[in-house]
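*Asks:* There's a structure below that I have some questions on.
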Amino acid sequence: MTSQNSPLTRPLADPEAVVAELLTFLEEQTRSLWEPETDLYRDGGLSSLFAMQLVVHLEKSYGIAIRGADLRLDNFRTVRLMSALVGRLQQAQADGRDG
Amino acid sequence: MTTVLPYATANPPTHTLAVLGAGVMGVGITTLALGHGLPVHLVDVDQERLARARERIAEELRLAQLLGALPPDTEPGELSTGTSTAPAARATAVIEAITENAELKAKVLAEVSALVRPGTPLITNTSSIPVDELAGAVERPAELVGTHFMNPPYLIRTAEVIRGPRTGDPAMAAVAALLAALRREAVVVRDAPGFVTSRILHPMINDAARVVEQGTATAEAVDALLQGCLGHPTGPLRTADLIGLDNLVDSLWVLHERTGDEGCRPCELLLSLVREGRLGRKSGSGFHDYR
């Protein structure tokens, strides 16, 4: 069992802070302004290939590993959905550490 | 007379692929096969390129999964790599995907055809070199088939399959079975320089580049018009960037040399981008910027 006080423990990110950070990331990458609920591909015109950049960004920024059934485009359609995914995976990792 | 087609049984044997060449297409085809559960041995003369290919394949498998391009509940096949073609002797099919150069392809195909068991289809993946130009180099010309996978092969469901004049029915059946296992739709065409897709698309891309070269429009405008008005999925110049401008120039020269069509002579803008190392998506920029 790993202690919650492990130095590797990363605090759970605040969902609204994740939303704000992702909006900034998207703005930097696309040079456009985005809303949290906009479907980035259907309505925003982004290439679905861009979703892979988002996967890598989320993994690096929030210390999560996105695998298996979580690795599907529908989880990366909107900033709000991505924030929810981060929260869920961080929580699962924290639960795993609690054992 | 009954014709027995290999693999046309209820329990087809497992496919084991050898892929020759760890460039863009070798990596893409390997990703497609691994993602469908097939084991692949990937061969390249350059050990460093093989190491980069392993990383790239891991990334592309994730991308393919993300975009729903892989069958669910399928464990990826096992990947092995090496600089020797010897393990191709155990393959049920060999896919040659080295650089678009007829002499090099003939040399590699000759080497591997001496290793494989009779009945093993040899597949040359090419965008424009006629299959029959290579058939003389292999031990059993009836076993040589052409494919032209589009990039990335795991996202594009249709593949052009080229039957050379000497290609036999068993090899065609074996390739059809392999493509079915990879869930690709095969469209079979006859042998000619550029076959169908490159013969039509590559001169068109060359024209699109010439329009930019002559200052009629920017690359962005050309792609926006072809997308918005004509329904092209990305625009021809983004397609060129995905193909790789060096590969495109090679292919245009193949077409020009074999057809005499001046529309296939690569325009100066294409040649200058290649000289500058702006090869498209794989180098970070081409007609468009990807950095």
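Residue names in the structure tokens use chain letters A, B, ... in the order shown, residue numbers from 1 in each chain, and ligand numbers from 1 in the order shown.
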Kindly provide, as a list in words, the residues of chain B having any atom no farther than 8 Å from an atom of chain A, counting only C-alpha atoms.
*Replies:*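 So the residues of chain B near chain A are Arg62, Leu63, Gln65, Leu66, Leu67 and Gly68 of chain B.
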*Asks:* Go through region 12-117 of chain B and collect every residue that DSSP, computed from the backbone, puts in strand (DSSP E); the answer should be as a VMD selection string.
*Replies:* chain B and resid 17 to 20 40 to 43 79 to 82 93 to 96
*Asks:* Please, could you write that set of residues out with C-alpha atoms as a PDB file, in the first residue's frame?
*Replies:*
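Final output, selection.pdb:
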ATOM      1  CA  LEU B  17       3.856 -10.326 -41.589  1.00  0.00           C
ATOM      2  CA  ALA B  18       7.310  -9.160 -42.486  1.00  0.00           C
ATOM      3  CA  VAL B  19       7.385  -5.468 -43.373  1.00  0.00           C
ATOM      4  CA  LEU B  20      10.484  -4.153 -45.140  1.00  0.00           C
ATOM      5  CA  VAL B  40       4.922  -8.155 -37.509  1.00  0.00           C
ATOM      6  CA  HIS B  41       8.654  -8.346 -38.061  1.00  0.00           C
ATOM      7  CA  LEU B  42       9.809  -4.923 -39.242  1.00  0.00           C
ATOM      8  CA  VAL B  43      13.089  -4.735 -41.145  1.00  0.00           C
ATOM      9  CA  LEU B  79       6.341  -6.416 -32.895  1.00  0.00           C
ATOM     10  CA  SER B  80       9.883  -7.516 -33.573  1.00  0.00           C
ATOM     11  CA  THR B  81      12.457  -5.506 -35.484  1.00  0.00           C
ATOM     12  CA  GLY B  82      15.827  -6.147 -37.045  1.00  0.00           C
ATOM     13  CA  ALA B  93       3.233 -12.487 -46.369  1.00  0.00           C
ATOM     14  CA  VAL B  94       5.979  -9.937 -46.977  1.00  0.00           C
ATOM     15  CA  ILE B  95       5.188  -6.274 -47.553  1.00  0.00           C
ATOM     16  CA  GLU B  96       8.005  -4.260 -49.073  1.00  0.00           C
TER      17      GLU B  96
END
*Asks:* Which residues are close to region 16-26 of chain A, i.e. within 12 Å by only C-alpha atoms, leaving aside same-chain residues fewer than 4 positions away? Reply as a short mmCIF file (atom, residue, chain, number, x, y, z; two decimals) with all heavy atoms, in the first residue's frame.
*Replies:*
data_model
loop_
_atom_site.label_atom_id
_atom_site.label_comp_id
_atom_site.auth_asym_id
_atom_site.auth_seq_id
_atom_site.Cartn_x
_atom_site.Cartn_y
_atom_site.Cartn_z
N LEU A 12 -5.42 16.49 -6.30
CA LEU A 12 -6.45 16.45 -7.34
C LEU A 12 -6.67 17.86 -7.88
O LEU A 12 -6.74 18.82 -7.12
CB LEU A 12 -7.76 15.90 -6.76
CG LEU A 12 -7.70 14.49 -6.17
CD1 LEU A 12 -9.10 14.02 -5.79
CD2 LEU A 12 -7.07 13.50 -7.15
N THR A 30 -4.26 27.02 -31.25
CA THR A 30 -5.08 27.25 -32.45
C THR A 30 -5.21 28.72 -32.80
O THR A 30 -5.78 29.05 -33.84
CB THR A 30 -6.51 26.68 -32.26
OG1 THR A 30 -7.15 27.43 -31.21
CG2 THR A 30 -6.47 25.21 -31.86
N ARG A 31 -4.75 29.58 -31.92
CA ARG A 31 -4.89 31.03 -32.08
C ARG A 31 -6.36 31.43 -32.25
O ARG A 31 -6.70 32.31 -33.04
CB ARG A 31 -4.05 31.54 -33.27
CG ARG A 31 -2.57 31.23 -33.10
CD ARG A 31 -1.75 31.71 -34.28
NE ARG A 31 -0.40 31.14 -34.24
CZ ARG A 31 0.01 30.16 -35.03
NH1 ARG A 31 -0.77 29.65 -35.94
NH2 ARG A 31 1.24 29.69 -34.92
N SER A 32 -7.24 30.71 -31.53
CA SER A 32 -8.67 31.05 -31.52
C SER A 32 -9.18 30.93 -30.10
O SER A 32 -8.59 30.22 -29.28
CB SER A 32 -9.49 30.07 -32.37
OG SER A 32 -9.01 30.03 -33.68
N LEU A 33 -10.30 31.61 -29.83
CA LEU A 33 -10.93 31.51 -28.51
C LEU A 33 -11.94 30.36 -28.53
O LEU A 33 -12.60 30.12 -29.54
CB LEU A 33 -11.64 32.82 -28.17
CG LEU A 33 -10.71 34.00 -27.89
CD1 LEU A 33 -11.51 35.30 -27.77
CD2 LEU A 33 -9.90 33.76 -26.61
N TRP A 34 -12.07 29.67 -27.39
CA TRP A 34 -12.95 28.50 -27.30
C TRP A 34 -13.85 28.60 -26.09
O TRP A 34 -13.52 29.25 -25.11
CB TRP A 34 -12.10 27.22 -27.20
CG TRP A 34 -11.28 27.02 -28.43
CD1 TRP A 34 -10.01 27.47 -28.65
CD2 TRP A 34 -11.68 26.35 -29.63
NE1 TRP A 34 -9.59 27.12 -29.91
CE2 TRP A 34 -10.59 26.44 -30.53
CE3 TRP A 34 -12.84 25.69 -30.03
CZ2 TRP A 34 -10.66 25.89 -31.81
CZ3 TRP A 34 -12.89 25.14 -31.29
CH2 TRP A 34 -11.80 25.25 -32.17
N GLU A 35 -14.98 27.91 -26.18
CA GLU A 35 -15.92 27.78 -25.06
C GLU A 35 -15.81 26.36 -24.51
O GLU A 35 -15.53 25.42 -25.27
CB GLU A 35 -17.36 28.02 -25.54
CG GLU A 35 -17.62 29.43 -26.04
CD GLU A 35 -17.53 30.47 -24.93
OE1 GLU A 35 -17.81 30.12 -23.76
OE2 GLU A 35 -17.14 31.62 -25.22
N PRO A 36 -16.08 26.20 -23.20
CA PRO A 36 -15.91 24.86 -22.61
C PRO A 36 -16.80 23.78 -23.21
O PRO A 36 -16.46 22.61 -23.17
CB PRO A 36 -16.29 25.09 -21.13
CG PRO A 36 -16.14 26.54 -20.90
CD PRO A 36 -16.40 27.22 -22.21
N GLU A 37 -17.94 24.18 -23.78
CA GLU A 37 -18.88 23.17 -24.28
C GLU A 37 -18.78 22.96 -25.79
O GLU A 37 -19.52 22.14 -26.34
CB GLU A 37 -20.34 23.58 -23.95
CG GLU A 37 -20.57 24.09 -22.54
CD GLU A 37 -20.37 23.03 -21.48
OE1 GLU A 37 -20.26 21.85 -21.84
OE2 GLU A 37 -20.29 23.39 -20.28
N THR A 38 -17.91 23.67 -26.46
CA THR A 38 -17.84 23.55 -27.93
C THR A 38 -17.26 22.19 -28.33
O THR A 38 -16.23 21.77 -27.80
CB THR A 38 -16.94 24.66 -28.52
OG1 THR A 38 -17.47 25.92 -28.12
CG2 THR A 38 -16.89 24.59 -30.05
N LEU A 40 -15.03 20.36 -30.36
CA LEU A 40 -13.84 20.88 -31.04
C LEU A 40 -13.75 20.40 -32.48
O LEU A 40 -13.18 21.10 -33.33
CB LEU A 40 -12.58 20.44 -30.29
CG LEU A 40 -12.49 20.87 -28.83
CD1 LEU A 40 -11.27 20.22 -28.17
CD2 LEU A 40 -12.40 22.38 -28.71
N GLY A 44 -15.99 22.93 -34.09
CA GLY A 44 -14.81 23.81 -34.05
C GLY A 44 -13.88 23.64 -35.23
O GLY A 44 -12.96 24.43 -35.41
N LEU A 46 -11.60 21.52 -35.79
CA LEU A 46 -10.25 20.98 -35.56
C LEU A 46 -10.16 19.58 -36.15
O LEU A 46 -11.14 18.83 -36.16
CB LEU A 46 -9.93 20.93 -34.07
CG LEU A 46 -9.78 22.28 -33.35
CD1 LEU A 46 -9.33 22.05 -31.91
CD2 LEU A 46 -8.78 23.18 -34.06
N PHE A 50 -5.68 16.27 -34.03
CA PHE A 50 -5.27 17.19 -32.97
C PHE A 50 -5.59 16.58 -31.59
O PHE A 50 -4.96 16.93 -30.59
CB PHE A 50 -6.00 18.53 -33.15
CG PHE A 50 -5.64 19.55 -32.12
CD1 PHE A 50 -4.41 20.18 -32.15
CD2 PHE A 50 -6.54 19.90 -31.10
CE1 PHE A 50 -4.06 21.13 -31.19
CE2 PHE A 50 -6.20 20.84 -30.15
CZ PHE A 50 -4.95 21.46 -30.18
N ALA A 51 -6.57 15.70 -31.56
CA ALA A 51 -6.96 15.08 -30.28
C ALA A 51 -5.77 14.39 -29.62
O ALA A 51 -5.68 14.34 -28.39
CB ALA A 51 -8.10 14.09 -30.50
N GLN A 53 -2.72 15.37 -29.59
CA GLN A 53 -1.96 16.39 -28.86
C GLN A 53 -2.61 16.66 -27.51
O GLN A 53 -1.93 16.89 -26.51
CB GLN A 53 -1.92 17.70 -29.65
CG GLN A 53 -0.84 17.74 -30.70
CD GLN A 53 -0.88 19.03 -31.49
OE1 GLN A 53 -1.29 19.04 -32.63
NE2 GLN A 53 -0.47 20.14 -30.88
N LEU A 54 -3.93 16.64 -27.50
CA LEU A 54 -4.65 16.88 -26.24
C LEU A 54 -4.40 15.73 -25.26
O LEU A 54 -4.22 15.95 -24.06
CB LEU A 54 -6.14 17.05 -26.51
CG LEU A 54 -6.51 18.34 -27.25
CD1 LEU A 54 -7.94 18.30 -27.76
CD2 LEU A 54 -6.30 19.55 -26.35
N VAL A 55 -4.38 14.51 -25.78
CA VAL A 55 -4.11 13.35 -24.92
C VAL A 55 -2.74 13.52 -24.24
O VAL A 55 -2.61 13.39 -23.01
CB VAL A 55 -4.12 12.03 -25.74
CG1 VAL A 55 -3.64 10.86 -24.89
CG2 VAL A 55 -5.51 11.76 -26.29
N HIS A 57 -0.96 16.20 -23.86
CA HIS A 57 -0.96 17.37 -22.96
C HIS A 57 -1.59 17.02 -21.61
O HIS A 57 -1.05 17.35 -20.55
CB HIS A 57 -1.72 18.51 -23.62
CG HIS A 57 -1.88 19.71 -22.73
ND1 HIS A 57 -0.83 20.53 -22.40
CD2 HIS A 57 -2.96 20.19 -22.06
CE1 HIS A 57 -1.25 21.48 -21.58
NE2 HIS A 57 -2.54 21.30 -21.35
N LEU A 58 -2.73 16.35 -21.63
CA LEU A 58 -3.41 16.00 -20.37
C LEU A 58 -2.54 15.05 -19.53
O LEU A 58 -2.44 15.20 -18.31
CB LEU A 58 -4.76 15.34 -20.65
CG LEU A 58 -5.82 16.24 -21.29
CD1 LEU A 58 -7.09 15.45 -21.56
CD2 LEU A 58 -6.16 17.42 -20.38
N SER A 61 0.41 17.10 -18.10
CA SER A 61 0.04 18.18 -17.17
C SER A 61 -0.56 17.65 -15.88
O SER A 61 -0.43 18.29 -14.84
CB SER A 61 -0.97 19.12 -17.84
OG SER A 61 -0.42 19.66 -19.01
N TYR A 62 -1.26 16.53 -15.95
CA TYR A 62 -2.02 16.08 -14.77
C TYR A 62 -1.58 14.72 -14.25
O TYR A 62 -2.25 14.15 -13.38
CB TYR A 62 -3.52 16.09 -15.11
CG TYR A 62 -3.97 17.49 -15.47
CD1 TYR A 62 -4.20 17.85 -16.79
CD2 TYR A 62 -4.10 18.47 -14.48
CE1 TYR A 62 -4.56 19.15 -17.13
CE2 TYR A 62 -4.46 19.78 -14.81
CZ TYR A 62 -4.68 20.11 -16.13
OH TYR A 62 -5.01 21.39 -16.45
N PHE A 76 -12.69 13.56 -25.63
CA PHE A 76 -11.87 14.76 -25.92
C PHE A 76 -12.61 15.75 -26.81
O PHE A 76 -12.02 16.60 -27.42
CB PHE A 76 -10.55 14.32 -26.58
CG PHE A 76 -9.79 13.35 -25.74
CD1 PHE A 76 -10.03 11.98 -25.83
CD2 PHE A 76 -8.88 13.78 -24.80
CE1 PHE A 76 -9.38 11.07 -25.02
CE2 PHE A 76 -8.20 12.88 -23.98
CZ PHE A 76 -8.46 11.52 -24.10
N THR A 78 -14.98 18.04 -25.91
CA THR A 78 -15.12 19.39 -25.36
C THR A 78 -14.15 19.53 -24.18
O THR A 78 -13.71 18.55 -23.59
CB THR A 78 -16.55 19.66 -24.84
OG1 THR A 78 -16.75 18.91 -23.64
CG2 THR A 78 -17.61 19.31 -25.87
N VAL A 79 -13.86 20.78 -23.86
CA VAL A 79 -13.00 21.06 -22.71
C VAL A 79 -13.64 20.51 -21.44
O VAL A 79 -12.96 19.95 -20.58
CB VAL A 79 -12.76 22.59 -22.64
CG1 VAL A 79 -12.20 22.99 -21.28
CG2 VAL A 79 -11.83 23.02 -23.77
N ARG A 80 -14.95 20.64 -21.31
CA ARG A 80 -15.65 20.16 -20.10
C ARG A 80 -15.48 18.64 -19.96
O ARG A 80 -15.22 18.14 -18.87
CB ARG A 80 -17.13 20.53 -20.22
CG ARG A 80 -17.93 20.30 -18.96
CD ARG A 80 -17.71 21.36 -17.90
NE ARG A 80 -18.24 22.65 -18.26
CZ ARG A 80 -17.91 23.78 -17.64
NH1 ARG A 80 -17.05 23.77 -16.62
NH2 ARG A 80 -18.43 24.93 -18.00
N LEU A 81 -15.61 17.92 -21.07
CA LEU A 81 -15.45 16.45 -21.03
C LEU A 81 -14.03 16.07 -20.65
O LEU A 81 -13.80 15.12 -19.90
CB LEU A 81 -15.81 15.84 -22.38
CG LEU A 81 -17.30 15.77 -22.70
CD1 LEU A 81 -17.52 15.45 -24.18
CD2 LEU A 81 -18.00 14.73 -21.83
N MET A 82 -13.06 16.83 -21.15
CA MET A 82 -11.67 16.52 -20.81
C MET A 82 -11.40 16.79 -19.33
O MET A 82 -10.69 16.02 -18.67
CB MET A 82 -10.71 17.35 -21.69
CG MET A 82 -10.64 16.84 -23.12
SD MET A 82 -9.39 17.69 -24.09
CE MET A 82 -10.33 19.06 -24.73
N SER A 83 -11.98 17.85 -18.81
CA SER A 83 -11.82 18.15 -17.39
C SER A 83 -12.41 17.01 -16.54
O SER A 83 -11.82 16.59 -15.54
CB SER A 83 -12.51 19.48 -17.07
OG SER A 83 -12.53 19.69 -15.68
N ALA A 84 -13.57 16.52 -16.98
CA ALA A 84 -14.21 15.41 -16.25
C ALA A 84 -13.32 14.17 -16.28
O ALA A 84 -13.18 13.45 -15.28
CB ALA A 84 -15.58 15.11 -16.85
N LEU A 85 -12.70 13.91 -17.43
CA LEU A 85 -11.83 12.74 -17.56
C LEU A 85 -10.62 12.87 -16.62
O LEU A 85 -10.25 11.90 -15.94
CB LEU A 85 -11.36 12.60 -19.01
CG LEU A 85 -10.40 11.44 -19.30
CD1 LEU A 85 -11.12 10.09 -19.17
CD2 LEU A 85 -9.78 11.58 -20.69
N VAL A 86 -10.04 14.05 -16.58
CA VAL A 86 -8.90 14.28 -15.69
C VAL A 86 -9.32 13.99 -14.25
O VAL A 86 -8.63 13.27 -13.50
CB VAL A 86 -8.37 15.74 -15.82
CG1 VAL A 86 -7.40 16.06 -14.69
CG2 VAL A 86 -7.70 15.94 -17.17
N GLY A 87 -10.47 14.54 -13.86
CA GLY A 87 -10.95 14.34 -12.48
C GLY A 87 -11.16 12.87 -12.17
O GLY A 87 -10.73 12.36 -11.12
#
*Asks:* Show me, as a PyMOL selection string, the residues that have an atom within 12 Å of Asp261 (chain B) when counting only C-alpha atoms, minus same-chain residues fewer than 2 positions from it.
*Replies:* chain B and resi 193+199-200+202-203+252-259+263-266
*Asks:* Save the residues we just selected, N, CA, C and O atoms, as a PDB file, in the first residue's frame?
*Replies:*
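selection-v7.pdb, written as the output of this step:
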ATOM      1  N   PRO B 193       1.814   2.867 -64.823  1.00  0.00           N
ATOM      2  CA  PRO B 193       2.498   3.855 -63.979  1.00  0.00           C
ATOM      3  C   PRO B 193       1.480   4.676 -63.179  1.00  0.00           C
ATOM      4  O   PRO B 193       0.576   5.276 -63.756  1.00  0.00           O
ATOM      5  N   ARG B 199      -2.012   8.328 -60.570  1.00  0.00           N
ATOM      6  CA  ARG B 199      -2.054   8.856 -61.942  1.00  0.00           C
ATOM      7  C   ARG B 199      -2.991  10.065 -62.011  1.00  0.00           C
ATOM      8  O   ARG B 199      -2.809  10.962 -62.825  1.00  0.00           O
ATOM      9  N   ILE B 200      -4.017  10.040 -61.161  1.00  0.00           N
ATOM     10  CA  ILE B 200      -4.965  11.165 -61.150  1.00  0.00           C
ATOM     11  C   ILE B 200      -4.547  12.224 -60.125  1.00  0.00           C
ATOM     12  O   ILE B 200      -4.497  13.418 -60.418  1.00  0.00           O
ATOM     13  N   HIS B 202      -1.599  12.793 -58.284  1.00  0.00           N
ATOM     14  CA  HIS B 202      -0.293  13.459 -58.216  1.00  0.00           C
ATOM     15  C   HIS B 202      -0.125  14.610 -59.216  1.00  0.00           C
ATOM     16  O   HIS B 202       0.361  15.681 -58.833  1.00  0.00           O
ATOM     17  N   PRO B 203      -0.546  14.438 -60.489  1.00  0.00           N
ATOM     18  CA  PRO B 203      -0.505  15.613 -61.368  1.00  0.00           C
ATOM     19  C   PRO B 203      -1.419  16.739 -60.868  1.00  0.00           C
ATOM     20  O   PRO B 203      -1.119  17.916 -61.040  1.00  0.00           O
ATOM     21  N   LEU B 252       6.218  11.646 -58.904  1.00  0.00           N
ATOM     22  CA  LEU B 252       5.980  12.432 -60.131  1.00  0.00           C
ATOM     23  C   LEU B 252       7.054  12.130 -61.184  1.00  0.00           C
ATOM     24  O   LEU B 252       6.744  12.012 -62.374  1.00  0.00           O
ATOM     25  N   TRP B 253       8.305  11.970 -60.747  1.00  0.00           N
ATOM     26  CA  TRP B 253       9.356  11.622 -61.716  1.00  0.00           C
ATOM     27  C   TRP B 253       9.089  10.245 -62.321  1.00  0.00           C
ATOM     28  O   TRP B 253       9.272  10.041 -63.529  1.00  0.00           O
ATOM     29  N   VAL B 254       8.671   9.288 -61.488  1.00  0.00           N
ATOM     30  CA  VAL B 254       8.334   7.950 -62.014  1.00  0.00           C
ATOM     31  C   VAL B 254       7.266   8.081 -63.094  1.00  0.00           C
ATOM     32  O   VAL B 254       7.370   7.492 -64.181  1.00  0.00           O
ATOM     33  N   LEU B 255       6.248   8.875 -62.806  1.00  0.00           N
ATOM     34  CA  LEU B 255       5.158   9.052 -63.773  1.00  0.00           C
ATOM     35  C   LEU B 255       5.655   9.765 -65.028  1.00  0.00           C
ATOM     36  O   LEU B 255       5.317   9.383 -66.148  1.00  0.00           O
ATOM     37  N   HIS B 256       6.464  10.813 -64.836  1.00  0.00           N
ATOM     38  CA  HIS B 256       6.941  11.590 -65.981  1.00  0.00           C
ATOM     39  C   HIS B 256       7.800  10.727 -66.898  1.00  0.00           C
ATOM     40  O   HIS B 256       7.634  10.725 -68.118  1.00  0.00           O
ATOM     41  N   GLU B 257       8.720   9.965 -66.282  1.00  0.00           N
ATOM     42  CA  GLU B 257       9.620   9.125 -67.089  1.00  0.00           C
ATOM     43  C   GLU B 257       8.849   8.066 -67.873  1.00  0.00           C
ATOM     44  O   GLU B 257       9.237   7.698 -68.979  1.00  0.00           O
ATOM     45  N   ARG B 258       7.774   7.567 -67.291  1.00  0.00           N
ATOM     46  CA  ARG B 258       7.090   6.433 -67.915  1.00  0.00           C
ATOM     47  C   ARG B 258       5.916   6.826 -68.805  1.00  0.00           C
ATOM     48  O   ARG B 258       5.440   6.013 -69.594  1.00  0.00           O
ATOM     49  N   THR B 259       5.391   8.040 -68.633  1.00  0.00           N
ATOM     50  CA  THR B 259       4.232   8.438 -69.445  1.00  0.00           C
ATOM     51  C   THR B 259       4.573   9.573 -70.405  1.00  0.00           C
ATOM     52  O   THR B 259       3.843   9.790 -71.378  1.00  0.00           O
ATOM     53  N   GLY B 263       2.695  17.277 -67.465  1.00  0.00           N
ATOM     54  CA  GLY B 263       1.966  17.653 -66.235  1.00  0.00           C
ATOM     55  C   GLY B 263       2.510  16.936 -65.011  1.00  0.00           C
ATOM     56  O   GLY B 263       2.226  17.321 -63.874  1.00  0.00           O
ATOM     57  N   CYS B 264       3.294  15.893 -65.247  1.00  0.00           N
ATOM     58  CA  CYS B 264       3.873  15.132 -64.134  1.00  0.00           C
ATOM     59  C   CYS B 264       5.291  15.589 -63.794  1.00  0.00           C
ATOM     60  O   CYS B 264       5.890  15.063 -62.854  1.00  0.00           O
ATOM     61  N   ARG B 265       5.832  16.544 -64.539  1.00  0.00           N
ATOM     62  CA  ARG B 265       7.170  17.052 -64.195  1.00  0.00           C
ATOM     63  C   ARG B 265       7.019  17.920 -62.947  1.00  0.00           C
ATOM     64  O   ARG B 265       6.262  18.894 -62.944  1.00  0.00           O
ATOM     65  N   PRO B 266       7.727  17.561 -61.835  1.00  0.00           N
ATOM     66  CA  PRO B 266       7.504  18.305 -60.584  1.00  0.00           C
ATOM     67  C   PRO B 266       7.772  19.798 -60.777  1.00  0.00           C
ATOM     68  O   PRO B 266       8.786  20.169 -61.376  1.00  0.00           O
TER      69      PRO B 266
END
*Asks:* Skipping near chain neighbours, those fewer than 2 positions away, what residues fall within 12 Å of Arg190 (chain B) using only C-alpha atoms, listed as a PyMOL selection string?
*Replies:* chain B and resi 130-132+145-147+160-167+187-188+192-196
*Asks:* For the residues in that selection, give me N, CA and C atoms as a PDB file, in the first residue's frame.
*Replies:*
ATOM      1  N   PRO B 130       5.245   0.482 -61.686  1.00  0.00           N
ATOM      2  CA  PRO B 130       4.495  -0.684 -62.170  1.00  0.00           C
ATOM      3  C   PRO B 130       5.045  -1.993 -61.576  1.00  0.00           C
ATOM      4  N   VAL B 131       4.133  -2.864 -61.176  1.00  0.00           N
ATOM      5  CA  VAL B 131       4.512  -4.138 -60.551  1.00  0.00           C
ATOM      6  C   VAL B 131       5.375  -4.962 -61.496  1.00  0.00           C
ATOM      7  N   ASP B 132       5.040  -4.931 -62.790  1.00  0.00           N
ATOM      8  CA  ASP B 132       5.760  -5.813 -63.716  1.00  0.00           C
ATOM      9  C   ASP B 132       7.215  -5.403 -63.907  1.00  0.00           C
ATOM     10  N   VAL B 145       2.544  -9.035 -55.924  1.00  0.00           N
ATOM     11  CA  VAL B 145       1.316  -8.231 -56.031  1.00  0.00           C
ATOM     12  C   VAL B 145       1.667  -6.812 -55.592  1.00  0.00           C
ATOM     13  N   GLY B 146       1.012  -5.835 -56.166  1.00  0.00           N
ATOM     14  CA  GLY B 146       1.218  -4.455 -55.723  1.00  0.00           C
ATOM     15  C   GLY B 146       0.101  -3.998 -54.810  1.00  0.00           C
ATOM     16  N   THR B 147       0.454  -3.181 -53.834  1.00  0.00           N
ATOM     17  CA  THR B 147      -0.574  -2.466 -53.066  1.00  0.00           C
ATOM     18  C   THR B 147      -0.177  -1.002 -53.026  1.00  0.00           C
ATOM     19  N   GLU B 160      -5.671   0.399 -52.751  1.00  0.00           N
ATOM     20  CA  GLU B 160      -5.561   0.050 -54.164  1.00  0.00           C
ATOM     21  C   GLU B 160      -4.674  -1.193 -54.257  1.00  0.00           C
ATOM     22  N   VAL B 161      -5.145  -2.200 -54.976  1.00  0.00           N
ATOM     23  CA  VAL B 161      -4.368  -3.436 -55.148  1.00  0.00           C
ATOM     24  C   VAL B 161      -4.089  -3.599 -56.640  1.00  0.00           C
ATOM     25  N   ILE B 162      -2.822  -3.854 -56.972  1.00  0.00           N
ATOM     26  CA  ILE B 162      -2.432  -3.874 -58.378  1.00  0.00           C
ATOM     27  C   ILE B 162      -2.040  -5.295 -58.772  1.00  0.00           C
ATOM     28  N   ARG B 163      -2.722  -5.778 -59.779  1.00  0.00           N
ATOM     29  CA  ARG B 163      -2.406  -7.093 -60.319  1.00  0.00           C
ATOM     30  C   ARG B 163      -1.509  -6.914 -61.539  1.00  0.00           C
ATOM     31  N   GLY B 164      -0.284  -7.391 -61.436  1.00  0.00           N
ATOM     32  CA  GLY B 164       0.623  -7.315 -62.576  1.00  0.00           C
ATOM     33  C   GLY B 164       0.241  -8.351 -63.608  1.00  0.00           C
ATOM     34  N   PRO B 165       0.750  -8.208 -64.828  1.00  0.00           N
ATOM     35  CA  PRO B 165       0.397  -9.184 -65.871  1.00  0.00           C
ATOM     36  C   PRO B 165       0.823 -10.608 -65.540  1.00  0.00           C
ATOM     37  N   ARG B 166       1.854 -10.745 -64.679  1.00  0.00           N
ATOM     38  CA  ARG B 166       2.318 -12.094 -64.332  1.00  0.00           C
ATOM     39  C   ARG B 166       1.797 -12.571 -62.976  1.00  0.00           C
ATOM     40  N   THR B 167       1.031 -11.751 -62.273  1.00  0.00           N
ATOM     41  CA  THR B 167       0.538 -12.127 -60.941  1.00  0.00           C
ATOM     42  C   THR B 167      -0.483 -13.260 -61.057  1.00  0.00           C
ATOM     43  N   VAL B 187      -9.541  -2.562 -53.743  1.00  0.00           N
ATOM     44  CA  VAL B 187     -10.014  -2.294 -55.099  1.00  0.00           C
ATOM     45  C   VAL B 187      -8.876  -2.698 -56.036  1.00  0.00           C
ATOM     46  N   VAL B 188      -9.150  -3.726 -56.853  1.00  0.00           N
ATOM     47  CA  VAL B 188      -8.097  -4.295 -57.703  1.00  0.00           C
ATOM     48  C   VAL B 188      -8.082  -3.586 -59.058  1.00  0.00           C
ATOM     49  N   ALA B 192      -0.055  -0.175 -64.295  1.00  0.00           N
ATOM     50  CA  ALA B 192       0.281   0.982 -65.143  1.00  0.00           C
ATOM     51  C   ALA B 192       1.036   1.963 -64.262  1.00  0.00           C
ATOM     52  N   PRO B 193       1.814   2.867 -64.823  1.00  0.00           N
ATOM     53  CA  PRO B 193       2.498   3.855 -63.979  1.00  0.00           C
ATOM     54  C   PRO B 193       1.480   4.676 -63.179  1.00  0.00           C
ATOM     55  N   GLY B 194       1.616   4.654 -61.861  1.00  0.00           N
ATOM     56  CA  GLY B 194       0.697   5.422 -61.012  1.00  0.00           C
ATOM     57  C   GLY B 194      -0.663   4.772 -60.822  1.00  0.00           C
ATOM     58  N   PHE B 195      -0.908   3.638 -61.527  1.00  0.00           N
ATOM     59  CA  PHE B 195      -2.171   2.898 -61.362  1.00  0.00           C
ATOM     60  C   PHE B 195      -3.358   3.861 -61.554  1.00  0.00           C
ATOM     61  N   VAL B 196      -4.221   3.993 -60.557  1.00  0.00           N
ATOM     62  CA  VAL B 196      -5.360   4.914 -60.687  1.00  0.00           C
ATOM     63  C   VAL B 196      -5.150   6.154 -59.799  1.00  0.00           C
TER      64      VAL B 196
END
*Asks:* Please identify all polymer residues within 8 Å of Gly63 (chain A), counting only C-alpha atoms, omitting same-chain residues fewer than 3 positions from it, and present them as a ChimeraX atom specification.
*Replies:* /A:10,58-60,90
*Asks:* Show which residues sit within 8 Å of Leu273 (chain B), as a ChimeraX atom specification. Count only C-alpha atoms, and ignore same-chain residues fewer than 6 positions away.
*Replies:* /B:245,279,286
